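Accompanying notes for the structure given below.
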Amino acid sequence: MFFLRNHYTHPEFKVGLRDFLRPAPGIAAWGLMTGVAMVKSGIGLVESLLMALLVFAGSSQLASIPLILAGAPLWVIWATGFCVNLRFVVFSLHLHHYLSHLPTWQRVVNGYFTADLSYVWFVRRYPHPAGDDAGRMAQQAYLAGSNLMNWGAWIISSLVGIALANFVPQSWGLGFAGILCLIGILCSLATTRLRLLSASVAGAVGVAAFALPLKLNIIVAIGAAVILCMTMEKLQPHRVEVLKS
Amino acid sequence: MTDINWHTVVIVLGLAVVTVITRAFFLFSNRTWTMPHWAQRGLQYAPIAALAAVVVPEVVMVNGHLMDTWKDARLYAGIVGAAVYFWRKDVLFTIVAGMAVYMPLHLGLGW
């Protein structure tokens, strides 16, 4: 973690920082648009600031905004955030192999700060957990460096976006950038045919069931898509092996 | 200068907790976890389904109804954005290209 002295003085910390300079502009553009989108959607300034600083997860922030504005109940918003964040659950299962030697609070803080790209960069540089203490320290320091760059790019750009939002007229429809961001993430997840089926079914059900109260169309759509895909797997088990990402 | 909506603040704090729970899901305990098979399979499909259920209505619906015109900037921006993702494999390109289609249609033609 970047605030620990033995991490930020380690040579791998700088390597992590430097490696992460490449994706940082993308993160910053994303944060900028999320900042603008939050304020433009009409949720307040303080609420937007808290979201950028604490929630620190672009996709769940963007997904929750329409739900907040629609007045959906708390549990629906939180459950949607959870579903949008489900990929992190999978990451954390993987990260556990690298972090299991750490005390609980350090494991949890590491998990919180490790977002999509810092996870991807970390496991690309270190495909396997280290076998000794020196190796584990180097991996920790690298993760700390890339996480700091990621977090800094996100926070600063979000704040700039929130500040600039008031100079951007509502009629420009910049909030659509948020939807485009979600479309990009959606496409990045469409790595198998069954996942494509899942997206198609969920999209269609999401539209067809739109009239349901409390944005329950989202929950119904997830349920229908997942059940259908898992049934398809059962029917064609030999194909699943081939299609598995 | 601005009225704080405490209901929204509670939602936001809850979402922060959701971030902690999901990002650290298997890190709270020091046990080595293995997920049950059905949950692993379900996780293959749930995230993309959640996104599609949120996104598709935002692109093809107006005021709770399927759009009844082809003159809607969101439709073309969404299609271009998705196509550009599969071309460049970068979410940033999707956003930039999609907005490059959306802004002229929306502001220029009023779609």
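In the structure tokens, the first chain shown is A, the next is B, and so on; residue numbers restart at 1 for each chain, and ligands run from 1 in the order shown.
Excluding B:Ala100 itself and any same-chain residue fewer than 4 positions from it, the protein and nucleic acid residues within 8 Å of it, counting only C-alpha atoms, are Ala77, Val96 and Pro104 of chain B.
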With C-alpha atoms kept, could you save the residues just selected as a compact mmCIF listing (two decimals), in the first residue's frame?
```txt
# COMPACT_ATOMS: atom_id res chain seq x y z
CA ALA B 77 -23.47 6.56 -30.99
CA VAL B 96 -14.50 9.32 -27.68
CA PRO B 104 -23.10 16.44 -33.94
```
- [ ] Find the spatial neighbours of stretch 84-86 of chain B, counting only C-alpha atoms, within a cut-off of 9 Å - ignore same-chain residues fewer than 2 positions away - and output them as a list in words.
- [x]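 The residues that qualify are Ile183, Gly184, Ile185, Cys187 and Ser188 of chain A; Ile79, Val80, Gly81, Ala82, Arg88, Lys89, Asp90, Val91, Leu92, Phe93, Thr94, Ala97 and Gly98 of chain B.
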Can you spit out the residues from that selection as a PDB file, in the first residue's frame, using C-alpha atoms?
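result_39.pdb, written as the output of this step:
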```pdb
ATOM      1  CA  ILE A 183     -21.084  -0.051 -23.413  1.00  0.00           C
ATOM      2  CA  GLY A 184     -17.292  -0.338 -23.613  1.00  0.00           C
ATOM      3  CA  ILE A 185     -17.089  -2.360 -20.387  1.00  0.00           C
ATOM      4  CA  CYS A 187     -18.139  -5.267 -24.864  1.00  0.00           C
ATOM      5  CA  SER A 188     -14.951  -6.048 -22.939  1.00  0.00           C
TER       6      SER A 188
ATOM      7  CA  ILE B  79     -23.552   1.171 -32.248  1.00  0.00           C
ATOM      8  CA  VAL B  80     -20.404   3.064 -33.246  1.00  0.00           C
ATOM      9  CA  GLY B  81     -19.094   2.916 -29.669  1.00  0.00           C
ATOM     10  CA  ALA B  82     -19.519  -0.875 -29.532  1.00  0.00           C
ATOM     11  CA  ARG B  88      -9.433  -1.022 -30.729  1.00  0.00           C
ATOM     12  CA  LYS B  89     -10.197  -2.970 -27.481  1.00  0.00           C
ATOM     13  CA  ASP B  90     -10.132   0.251 -25.458  1.00  0.00           C
ATOM     14  CA  VAL B  91     -13.023   1.761 -23.507  1.00  0.00           C
ATOM     15  CA  LEU B  92     -11.616   5.245 -23.970  1.00  0.00           C
ATOM     16  CA  PHE B  93     -11.856   4.927 -27.780  1.00  0.00           C
ATOM     17  CA  THR B  94     -15.461   3.808 -27.360  1.00  0.00           C
ATOM     18  CA  ALA B  97     -15.860   7.792 -30.919  1.00  0.00           C
ATOM     19  CA  GLY B  98     -19.368   7.463 -29.494  1.00  0.00           C
TER      20      GLY B  98
END
```
- [ ] Within 10 Å of stretch 201-211 of chain A, counting only C-alpha atoms, which residues show up once you throw out same-chain ones fewer than 2 positions away? Write them as a PyMOL selection string, please.
- [x] (chain A and resi 195-199+213-226+228-229) or (chain B and resi 45-46+48-58+60-61+64-66)
Preceding selection exported with N, CA and C atoms as a compact mmCIF listing (two decimals), in the first residue's frame:
```txt
# COMPACT_ATOMS: atom_id res chain seq x y z
N ARG A 195 -21.81 -15.53 -23.09
CA ARG A 195 -21.88 -14.21 -22.47
C ARG A 195 -22.60 -13.22 -23.37
N LEU A 196 -22.37 -13.35 -24.67
CA LEU A 196 -23.08 -12.51 -25.63
C LEU A 196 -24.58 -12.78 -25.53
N LEU A 197 -24.92 -14.07 -25.39
CA LEU A 197 -26.32 -14.45 -25.22
C LEU A 197 -26.87 -13.82 -23.94
N SER A 198 -26.06 -13.90 -22.87
CA SER A 198 -26.48 -13.32 -21.59
C SER A 198 -26.80 -11.84 -21.75
N ALA A 199 -25.91 -11.11 -22.47
CA ALA A 199 -26.13 -9.67 -22.66
C ALA A 199 -27.38 -9.42 -23.49
N PRO A 213 -41.99 -1.69 -11.33
CA PRO A 213 -41.58 -0.62 -10.42
C PRO A 213 -40.17 -0.87 -9.88
N LEU A 214 -39.57 0.17 -9.31
CA LEU A 214 -38.32 0.06 -8.55
C LEU A 214 -37.15 -0.47 -9.36
N LYS A 215 -37.19 -0.26 -10.69
CA LYS A 215 -36.10 -0.74 -11.54
C LYS A 215 -35.88 -2.24 -11.37
N LEU A 216 -36.95 -2.95 -11.00
CA LEU A 216 -36.83 -4.40 -10.84
C LEU A 216 -36.56 -5.08 -12.17
N ASN A 217 -36.77 -4.35 -13.29
CA ASN A 217 -36.46 -4.95 -14.59
C ASN A 217 -35.01 -5.40 -14.66
N ILE A 218 -34.12 -4.69 -13.95
CA ILE A 218 -32.70 -5.05 -13.97
C ILE A 218 -32.49 -6.41 -13.30
N ILE A 219 -33.12 -6.58 -12.14
CA ILE A 219 -32.96 -7.84 -11.40
C ILE A 219 -33.58 -8.99 -12.20
N VAL A 220 -34.79 -8.76 -12.75
CA VAL A 220 -35.45 -9.80 -13.54
C VAL A 220 -34.58 -10.18 -14.74
N ALA A 221 -33.99 -9.15 -15.38
CA ALA A 221 -33.17 -9.39 -16.58
C ALA A 221 -31.94 -10.22 -16.22
N ILE A 222 -31.26 -9.89 -15.11
CA ILE A 222 -30.08 -10.66 -14.70
C ILE A 222 -30.48 -12.10 -14.43
N GLY A 223 -31.58 -12.27 -13.69
CA GLY A 223 -32.04 -13.61 -13.35
C GLY A 223 -32.32 -14.43 -14.60
N ALA A 224 -33.07 -13.85 -15.54
CA ALA A 224 -33.45 -14.57 -16.75
C ALA A 224 -32.21 -14.95 -17.55
N ALA A 225 -31.27 -14.00 -17.70
CA ALA A 225 -30.09 -14.25 -18.52
C ALA A 225 -29.21 -15.33 -17.90
N VAL A 226 -28.98 -15.23 -16.58
CA VAL A 226 -28.09 -16.19 -15.92
C VAL A 226 -28.70 -17.59 -15.95
N LEU A 228 -30.88 -18.81 -18.07
CA LEU A 228 -30.86 -19.33 -19.43
C LEU A 228 -29.46 -19.82 -19.81
N CYS A 229 -28.43 -19.01 -19.51
CA CYS A 229 -27.07 -19.38 -19.89
C CYS A 229 -26.61 -20.63 -19.15
N TYR B 45 -21.81 -15.06 -16.18
CA TYR B 45 -22.86 -14.41 -16.96
C TYR B 45 -23.52 -13.22 -16.27
N ALA B 46 -23.43 -13.15 -14.93
CA ALA B 46 -24.17 -12.10 -14.22
C ALA B 46 -23.64 -10.69 -14.49
N ILE B 48 -22.15 -9.22 -17.09
CA ILE B 48 -22.50 -8.67 -18.40
C ILE B 48 -24.02 -8.49 -18.51
N ALA B 49 -24.77 -9.39 -17.85
CA ALA B 49 -26.22 -9.25 -17.85
C ALA B 49 -26.64 -7.97 -17.12
N ALA B 50 -25.97 -7.70 -15.98
CA ALA B 50 -26.30 -6.49 -15.22
C ALA B 50 -26.06 -5.25 -16.07
N LEU B 51 -24.93 -5.22 -16.75
CA LEU B 51 -24.62 -4.06 -17.58
C LEU B 51 -25.62 -3.90 -18.72
N ALA B 52 -25.93 -5.01 -19.40
CA ALA B 52 -26.85 -4.93 -20.53
C ALA B 52 -28.22 -4.46 -20.06
N ALA B 53 -28.66 -4.95 -18.89
CA ALA B 53 -29.98 -4.58 -18.39
C ALA B 53 -30.05 -3.09 -18.07
N VAL B 54 -28.90 -2.51 -17.68
CA VAL B 54 -28.86 -1.07 -17.38
C VAL B 54 -28.73 -0.27 -18.67
N VAL B 55 -27.86 -0.74 -19.57
CA VAL B 55 -27.46 0.06 -20.72
C VAL B 55 -28.50 0.07 -21.84
N VAL B 56 -29.00 -1.13 -22.21
CA VAL B 56 -29.87 -1.21 -23.39
C VAL B 56 -31.09 -0.30 -23.28
N PRO B 57 -31.82 -0.30 -22.15
CA PRO B 57 -32.95 0.64 -22.06
C PRO B 57 -32.51 2.10 -22.20
N GLU B 58 -31.30 2.43 -21.74
CA GLU B 58 -30.83 3.81 -21.83
C GLU B 58 -30.58 4.23 -23.28
N VAL B 60 -32.21 2.61 -26.15
CA VAL B 60 -33.30 2.40 -27.10
C VAL B 60 -34.66 2.87 -26.59
N MET B 61 -34.72 3.44 -25.37
CA MET B 61 -36.04 3.84 -24.85
C MET B 61 -36.14 5.34 -24.63
N GLY B 64 -39.70 5.67 -21.05
CA GLY B 64 -40.29 4.39 -20.68
C GLY B 64 -40.88 3.61 -21.84
N HIS B 65 -40.72 4.10 -23.08
CA HIS B 65 -41.22 3.35 -24.24
C HIS B 65 -40.11 3.17 -25.26
N LEU B 66 -40.19 2.08 -26.01
CA LEU B 66 -39.24 1.87 -27.09
C LEU B 66 -39.32 3.08 -28.03
```
Quick one: residues within 12 Å of A:Asn85, only C-alpha atoms, excluding same-chain residues fewer than 4 positions away - as a PDB file with C-alpha atoms, in the first residue's frame?
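So part_27.pdb came out as:
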```pdb
ATOM      1  CA  VAL A  55     -17.205   4.736  -4.016  1.00  0.00           C
ATOM      2  CA  PHE A  56     -14.192   4.814  -6.356  1.00  0.00           C
ATOM      3  CA  ALA A  57     -15.772   2.511  -8.944  1.00  0.00           C
ATOM      4  CA  GLY A  58     -16.839   4.186 -12.180  1.00  0.00           C
ATOM      5  CA  SER A  59     -19.238   1.550 -13.420  1.00  0.00           C
ATOM      6  CA  SER A  60     -21.209   1.228 -10.187  1.00  0.00           C
ATOM      7  CA  GLN A  61     -21.297   5.037  -9.864  1.00  0.00           C
ATOM      8  CA  LEU A  62     -22.682   5.419 -13.389  1.00  0.00           C
ATOM      9  CA  ALA A  63     -25.126   2.546 -13.006  1.00  0.00           C
ATOM     10  CA  SER A  64     -26.472   3.901  -9.718  1.00  0.00           C
ATOM     11  CA  TRP A  78     -26.886  -1.483  -3.660  1.00  0.00           C
ATOM     12  CA  ALA A  79     -27.709  -4.829  -5.281  1.00  0.00           C
ATOM     13  CA  THR A  80     -27.212  -3.310  -8.726  1.00  0.00           C
ATOM     14  CA  GLY A  81     -23.868  -1.875  -7.605  1.00  0.00           C
ATOM     15  CA  VAL A  89     -15.256 -10.614  -6.491  1.00  0.00           C
ATOM     16  CA  VAL A  90     -13.490 -12.805  -9.028  1.00  0.00           C
ATOM     17  CA  PHE A  91     -10.371 -10.593  -8.900  1.00  0.00           C
ATOM     18  CA  SER A  92     -10.301 -10.816  -5.097  1.00  0.00           C
ATOM     19  CA  TYR A 112     -10.289  -1.763  -2.064  1.00  0.00           C
ATOM     20  CA  ALA A 115      -9.448  -1.631  -9.553  1.00  0.00           C
ATOM     21  CA  ASP A 116      -9.830  -3.168 -13.015  1.00  0.00           C
ATOM     22  CA  ILE A 185     -17.089  -2.360 -20.387  1.00  0.00           C
TER      23      ILE A 185
ATOM     24  CA  LEU B  15     -22.163   2.013  -2.459  1.00  0.00           C
ATOM     25  CA  ALA B  16     -18.736   2.686  -0.919  1.00  0.00           C
ATOM     26  CA  VAL B  17     -19.333  -0.300   1.384  1.00  0.00           C
ATOM     27  CA  VAL B  18     -20.366  -2.322  -1.693  1.00  0.00           C
ATOM     28  CA  THR B  19     -17.038  -1.386  -3.315  1.00  0.00           C
ATOM     29  CA  VAL B  20     -15.124  -2.591  -0.251  1.00  0.00           C
ATOM     30  CA  ILE B  21     -17.146  -5.801   0.002  1.00  0.00           C
ATOM     31  CA  THR B  22     -16.788  -6.718  -3.695  1.00  0.00           C
ATOM     32  CA  ARG B  23     -13.134  -5.720  -4.122  1.00  0.00           C
ATOM     33  CA  ALA B  24     -12.093  -7.514  -0.924  1.00  0.00           C
ATOM     34  CA  PHE B  25     -14.716 -10.269  -1.043  1.00  0.00           C
ATOM     35  CA  LEU B  43     -20.442 -15.298 -12.251  1.00  0.00           C
ATOM     36  CA  ALA B  46     -24.167 -12.101 -14.215  1.00  0.00           C
ATOM     37  CA  PRO B  47     -21.860  -9.068 -14.676  1.00  0.00           C
ATOM     38  CA  ILE B  48     -22.503  -8.667 -18.403  1.00  0.00           C
ATOM     39  CA  ALA B  49     -26.222  -9.252 -17.853  1.00  0.00           C
ATOM     40  CA  ALA B  50     -26.298  -6.492 -15.219  1.00  0.00           C
ATOM     41  CA  LEU B  51     -24.616  -4.056 -17.581  1.00  0.00           C
TER      42      LEU B  51
END
```
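In this structure, atom CA of A:Tyr126 sits 7.3 Å away from atom CA of A:Gln139.
Here atom CA of A:Ser171 is placed at a distance of 12.4 Å from atom CA of A:Ala37.
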Task: Contacts of B:Thr34 within 12 Å, only C-alpha atoms, excl. fewer than 2 positions in-chain, as a VMD selection string - done: (chain A and resid 90 92 to 94 96 to 97) or (chain B and resid 26 31 to 32 36 to 40)
Open item on the list: When DSSP is applied to the backbone of this structure, which of chain B are assigned helix (DSSP H, G or I)? Write them out as number ranges by chain.
Closed with: B: 6-23, 37-60, 73-88, 91-108
Exercise: A:Ile77 partners within 8 Å, only C-alpha atoms, chain neighbours under 5 positions left out, as a PDB file with N, CA and C atoms, in the first residue's frame:
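Output file result-v3.pdb follows:
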```
ATOM      1  N   SER A  64     -25.578   3.538 -10.817  1.00  0.00           N
ATOM      2  CA  SER A  64     -26.472   3.901  -9.718  1.00  0.00           C
ATOM      3  C   SER A  64     -27.176   5.234  -9.952  1.00  0.00           C
ATOM      4  N   LEU A  67     -30.687   5.080 -11.199  1.00  0.00           N
ATOM      5  CA  LEU A  67     -31.525   4.457 -10.162  1.00  0.00           C
ATOM      6  C   LEU A  67     -31.831   5.448  -9.047  1.00  0.00           C
ATOM      7  N   ILE A  68     -30.813   6.227  -8.659  1.00  0.00           N
ATOM      8  CA  ILE A  68     -31.021   7.236  -7.609  1.00  0.00           C
ATOM      9  C   ILE A  68     -32.070   8.241  -8.071  1.00  0.00           C
ATOM     10  N   ALA A  72     -35.330   4.623  -6.881  1.00  0.00           N
ATOM     11  CA  ALA A  72     -35.339   3.194  -6.548  1.00  0.00           C
ATOM     12  C   ALA A  72     -34.976   2.996  -5.076  1.00  0.00           C
TER      13      ALA A  72
ATOM     14  N   ILE B  11     -27.189   6.413   0.339  1.00  0.00           N
ATOM     15  CA  ILE B  11     -27.000   5.527  -0.820  1.00  0.00           C
ATOM     16  C   ILE B  11     -25.515   5.471  -1.194  1.00  0.00           C
TER      17      ILE B  11
END
```
Open item on the list: Show me, as a list in words, the residues that have an atom within 12 Å of A:Pro129 when counting only C-alpha atoms, minus same-chain residues fewer than 4 positions from it.
Closed with: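 So the residues in contact are His94, Leu95, His96, His97, Tyr98, Leu99, Ser100, His101, Phe122, Val123, Arg124, Arg125, Asp133, Ala134, Gly135, Arg136, Met137, Ala138, Gln139 and Gln140 of chain A.
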Write the residues of the preceding selection, restricted to N, CA and C atoms, as a CSV table (one decimal), in the first residue's frame.
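Saved the output as selection.csv:
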```csv
chain,number,residue,atom,x,y,z
A,94,HIS,N,-8.6,-14.2,-6.9
A,94,HIS,CA,-7.2,-14.4,-7.5
A,94,HIS,C,-6.2,-13.7,-6.6
A,95,LEU,N,-6.5,-12.5,-6.2
A,95,LEU,CA,-5.5,-11.7,-5.4
A,95,LEU,C,-5.2,-12.4,-4.1
A,96,HIS,N,-6.1,-13.1,-3.6
A,96,HIS,CA,-5.9,-13.8,-2.3
A,96,HIS,C,-4.6,-14.6,-2.3
A,97,HIS,N,-4.3,-15.2,-3.4
A,97,HIS,CA,-3.1,-16.0,-3.5
A,97,HIS,C,-1.8,-15.2,-3.3
A,98,TYR,N,-1.9,-13.9,-3.7
A,98,TYR,CA,-0.8,-13.0,-3.6
A,98,TYR,C,-0.7,-12.4,-2.2
A,99,LEU,N,-1.8,-12.3,-1.5
A,99,LEU,CA,-1.9,-11.4,-0.3
A,99,LEU,C,-2.1,-12.2,1.0
A,100,SER,N,-2.1,-13.5,0.9
A,100,SER,CA,-2.6,-14.3,2.0
A,100,SER,C,-1.7,-14.2,3.2
A,101,HIS,N,-0.4,-13.7,3.0
A,101,HIS,CA,0.5,-13.6,4.1
A,101,HIS,C,0.3,-12.3,4.9
A,122,PHE,N,-1.1,-5.8,-12.6
A,122,PHE,CA,-0.4,-6.5,-11.6
A,122,PHE,C,-0.2,-8.0,-12.0
A,123,VAL,N,-1.3,-8.6,-12.4
A,123,VAL,CA,-1.2,-10.1,-12.7
A,123,VAL,C,-0.4,-10.3,-14.0
A,124,ARG,N,-0.3,-9.2,-14.9
A,124,ARG,CA,0.5,-9.4,-16.1
A,124,ARG,C,2.0,-9.4,-15.7
A,125,ARG,N,2.3,-8.5,-14.8
A,125,ARG,CA,3.8,-8.4,-14.4
A,125,ARG,C,4.1,-9.6,-13.5
A,133,ASP,N,9.9,-14.1,0.9
A,133,ASP,CA,9.6,-12.8,1.5
A,133,ASP,C,10.0,-11.6,0.6
A,134,ALA,N,11.2,-11.7,0.0
A,134,ALA,CA,11.6,-10.6,-0.8
A,134,ALA,C,10.7,-10.4,-2.0
A,135,GLY,N,10.4,-11.5,-2.6
A,135,GLY,CA,9.5,-11.5,-3.8
A,135,GLY,C,8.1,-10.9,-3.4
A,136,ARG,N,7.6,-11.4,-2.3
A,136,ARG,CA,6.3,-10.9,-1.9
A,136,ARG,C,6.3,-9.4,-1.6
A,137,MET,N,7.4,-8.9,-1.0
A,137,MET,CA,7.6,-7.4,-0.8
A,137,MET,C,7.6,-6.7,-2.1
A,138,ALA,N,8.4,-7.2,-3.1
A,138,ALA,CA,8.4,-6.6,-4.4
A,138,ALA,C,7.1,-6.5,-5.0
A,139,GLN,N,6.3,-7.6,-5.0
A,139,GLN,CA,5.0,-7.6,-5.6
A,139,GLN,C,4.1,-6.6,-4.9
A,140,GLN,N,4.2,-6.5,-3.5
A,140,GLN,CA,3.4,-5.5,-2.8
A,140,GLN,C,3.7,-4.1,-3.2
```
Task: Of the listed residues B:Asn63, B:Trp87, B:Ser29, B:Trp70, that which approaches chain A most closely, counting only C-alpha atoms - done: B:Ser29
Open item on the list: To one decimal place in Å, what is the distance between atom CA of A:Arg5 and atom CA of A:Leu143?
Closed with: 13.9 Å
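Among the candidate residues A:Leu186, A:Val76, A:Ala28, A:Val39, the one lying nearest to chain B is A:Leu186, with distances computed using only C-alpha atoms.
Among the candidates A:Leu74, A:Pro169, A:Phe20, A:Val15, the one nearest to B:His7 when counting only C-alpha atoms is A:Leu74.
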TODO: Can you check which residues of chain B DSSP gives as strand (DSSP E or B) on the backbone and send them as a VMD selection string?
DONE: chain B and resid 61 to 62 65 to 66
Now that the selection is made, can you save its residues with C-alpha atoms as a CSV table (one decimal), in the first residue's frame?
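The new file selection.csv reads:
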```
chain,number,residue,atom,x,y,z
B,61,MET,CA,-36.0,3.8,-24.9
B,62,VAL,CA,-37.6,7.3,-24.5
B,65,HIS,CA,-41.2,3.3,-24.2
B,66,LEU,CA,-39.2,1.9,-27.1
```
